Amino acid sequence: MCPNWTQNEDDPDTVHSGQRQILPTAEGQVRPMTKLEPQEQQEVWLTAVELAGGKVPTGRIVKDVVQGIMERTQVPNTYQIGSDY
């Protein structure tokens with residue numbers, strides 16, 4: 001399972017370290033991103049690679065980045081406990 005944005009080597013937006021493209025190497029790096037839209041998945045991967053110092057990030061790094069994005073985009077609950085509406 002590899003997102004489309006990681007398959008095109010000529011795409012200038014893909015992640016490269018020197019001449020080598022950095023792609024997930026384990027299912028645990030990809031699974032946390034399945035909850036997100038493709039554009040958000042790309043943002044997560046780019047951020048995770050940056051946090052990993054330009055290397056393949058661990059699943060934990062990817063999961064932390066996903067969690068940050070989900071918290072950032074979460075719709076606030078305007079209802080209070082005990083509210084009738």
# chains A, B, ... in the order shown; residues from 1 in each chain; ligands from 1
>>> residues_around(residues="A:Asp64", least_positions_apart="4", cutoff="12 Å", atoms="only C-alpha atoms", output="PyMOL selection string")
chain A and resi 29+32-33+44-45+47-48+51+57-60+68-71
>>> atom_distance(atom1="atom CA of A:Gly28", atom2="atom CA of A:Lys55")
15.7 Å
>>> select_by_dssp(residues="stretch 19-77 of chain A", states="alpha helix (DSSP H)", output="VMD selection string")
chain A and resid 27 to 30 38 to 51 59 to 73
>>> atom_distance(atom1="atom CA of A:Thr73", atom2="atom CA of A:Glu27")
24.5 Å
>>> closest_residue(among="A:Arg72, A:Leu46, A:Val56, A:Gln39", to="A:Pro24", atoms="only C-alpha atoms")
A:Val56
>>> closest_residue(among="A:Tyr79, A:Ile61, A:Gln67, A:Gln74", to="A:Val49", atoms="only C-alpha atoms")
A:Ile61
